[in-house]
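Notes to accompany the following structure.
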Amino acid sequence: MPPGPGDVLSLIRHGKVRTRGDIVDVTGLSRMTVAQRVDLLLEAQLIREGRGEKHTGGRMPKRLEFNAEHSTVVSAAVDTNHSRVAITDLAGHILAVEECATAVSDGPELVLNTIGDAVRGLLKRHGVDAARVSGFGISIPSPIDPVTWRPSQPPIMPGWDAYPITEHLRDILPVPVFVENDADAMALGEQVTGYPNCRALCLVKVSTGIGTGIVIDGSLYRGIDGGAGDIGHVRLAEHPDAECQCGARGCLAAVASGRAVARALSALGIPARSGRDVERLLAEGLPEATRLTHDAGREIGKVVSTLVCMLNPGVLLISGDLASSALIGGIRETLYTLSLPRATRHLDVRLGALGEDAAIIGMSRVVVDQVFSAEAIDARLSESASVPG
């Protein structure tokens, strides 16, 4: 079938076309058909026109761009011991944000209801009509079933397995709801913000647990069952007795996560309970925290070296509570030693730039990609056209 209005919007939104002439060249549609498609999108306020950037000898062509102010998105990022809720525009720019003091161990109902209260408060305080919210995206520290959007056997979230998050949140805000793994959301947020042309990007989040988000050709790679990148539960033969929260022994998370480093610090008489405590001690320059975090990085690098050899990414980002020069130094030490030179010769290893905003921005992008997909827009415009008046 010839490209519809949704396809044209997708080309504009992803920056592949800028003018009507570009659309004609890319799609092969006639100028009249392109004009009809563009007029539909302008009437629906999905795109807007601006002044052209260059003169072609005749009239300056008007530049077409996605209207990021068409509506808003609600994004939430659930971490082990707290959550963040934000309102963004359709380009992922954060308009308002609030932090909630909830722990995943409190259970899904309490956490999600707290998030719902925060969402209602944000919308009211910032004068955003709920009718202008296009969708709701939430990230959680768990594998996500890509079919049901439900948590899939989360190792550190008792009571969350297969919980109907989308249905629960839709009762709070009746809009499309999407759920992703936290590291996946962070990886996508970093990719669309800082590395849009990188064909393969990995982000390793080191907090209470350890997980990896993988973005290939601009799309998240989740695996068949949503378990791609769950490196925190790779077994390390040299640590057979380290007990993990998942119930197994020898997991990477049991020896190198924020929880593991906090436990090692406590054994030295330095009070620490979580990755956030380690983050604070690192900021204070505590030598023991720096040394143990560097050692954790060395262990992580052993596993990440296999990931790098398999995927050959262009960018490897380190994020989470333990993200620091100490951690990345340890990772580099074993990563480059154990990886093939061919796999790392063009590899850019660095700390993530967005911090806790990464998951918020990533979830905003997930929502926009779904709600403003070509298929969704064609269906919406077709439905509008069939309504009398």
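A note on labels: chains of the structure tokens are A, B, ... as shown, every chain counts residues from 1, and ligands are counted from 1 in their shown order.
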
Surrounding residues of stretch 267-280 of chain A excluding itself and chain neighbours under 4 positions, 8 Å, only C-alpha atoms, as number ranges by chain: A: 207-208, 257-259, 261-263, 284, 289, 321-322

Who sits within 9 Å of stretch 352-368 of chain A, only C-alpha atoms, same chain under 5 positions skipped, as a VMD selection string: chain A and resid 73 to 77 84 to 94 134 to 139 176 to 180 182 to 194 203 316 to 321 323 373

Give me, as a PyMOL selection string, all polymer residues having an atom no more than 7 Å from A:Leu335, counting only C-alpha atoms and skipping those fewer than 2 positions away in the same chain. chain A and resi 301-302+304-305+331-333+337-339

Which residues come within 9 Å of stretch 142-154 of chain A, counting only C-alpha atoms, excluding same-chain residues fewer than 2 positions away, as a PyMOL selection string? chain A and resi 139-140+156-158+160-166+178-182+222-228+230+246

Non-local contacts of A:Gly21 (9 Å; only C-alpha atoms; under 5 positions in same chain excluded) as a short mmCIF file (atom, residue, chain, number, x, y, z; two decimals) with C-alpha atoms, in the first residue's frame:
```cif
data_model
loop_
_atom_site.label_atom_id
_atom_site.label_comp_id
_atom_site.auth_asym_id
_atom_site.auth_seq_id
_atom_site.Cartn_x
_atom_site.Cartn_y
_atom_site.Cartn_z
CA VAL A 26 11.46 9.66 -0.53
CA ARG A 31 2.68 16.28 -5.04
CA VAL A 34 1.69 14.61 -0.38
CA PRO A 61 10.17 25.72 0.97
#
```

I'd like to know which of A:Ala96, A:Leu381, A:Gly247, A:Val303 is closest to A:Pro5, using only C-alpha atoms.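 When distances to A:Pro5 are compared using only C-alpha atoms, the smallest one comes from A:Leu381.
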
Write out as a ChimeraX atom specification the residues lying within 12 Å of A:Glu243, counting only C-alpha atoms and excluding same-chain residues fewer than 2 positions away. /A:233,235-236,239-241,245-256,259-260,263

Residues of the last selection are to be written out with C-alpha atoms, as a JSON list (two decimals), in the first residue's frame.
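Saved result, selection35.json, follows:
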```json
[["chain", "number", "residue", "atom", "x", "y", "z"],
["A", 233, "HIS", "CA", 22.77, -13.21, 37.28],
["A", 235, "ARG", "CA", 27.49, -17.02, 37.45],
["A", 236, "LEU", "CA", 31.13, -16.38, 38.32],
["A", 239, "HIS", "CA", 32.81, -16.80, 43.64],
["A", 240, "PRO", "CA", 30.78, -19.99, 44.16],
["A", 241, "ASP", "CA", 29.61, -19.14, 47.68],
["A", 245, "GLN", "CA", 19.04, -12.00, 46.23],
["A", 246, "CYS", "CA", 17.64, -14.24, 43.49],
["A", 247, "GLY", "CA", 18.39, -17.29, 45.69],
["A", 248, "ALA", "CA", 21.30, -18.59, 43.63],
["A", 249, "ARG", "CA", 25.02, -18.41, 44.43],
["A", 250, "GLY", "CA", 27.90, -16.97, 42.48],
["A", 251, "CYS", "CA", 25.90, -14.32, 40.58],
["A", 252, "LEU", "CA", 27.69, -11.19, 39.39],
["A", 253, "ALA", "CA", 25.24, -9.07, 41.40],
["A", 254, "ALA", "CA", 26.19, -10.96, 44.55],
["A", 255, "VAL", "CA", 29.79, -9.73, 44.32],
["A", 256, "ALA", "CA", 29.70, -6.47, 42.35],
["A", 259, "ARG", "CA", 24.24, -3.98, 47.59],
["A", 260, "ALA", "CA", 27.35, -6.19, 47.52],
["A", 263, "ARG", "CA", 27.74, -5.20, 52.49]]
```

Apply DSSP to the backbone of this structure and, from stretch 65-314 of chain A, keep only the residues in strand (DSSP E or B); write these as a PyMOL selection string. chain A and resi 65-66+72-78+83-88+94-100+133-140+144+151+177-181+200-206+210-216+219-220+235+243+249+251

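For the atom pair formed by atom CA of A:Val119 and atom CA of A:Val104, the distance is 17.9 Å, given to one decimal.
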
Rank A:Leu307, A:Val215, A:Leu265, A:Leu11 by their smallest atom-to-atom distance to A:Thr290, using only C-alpha atoms, and report the top residue only. A:Leu265
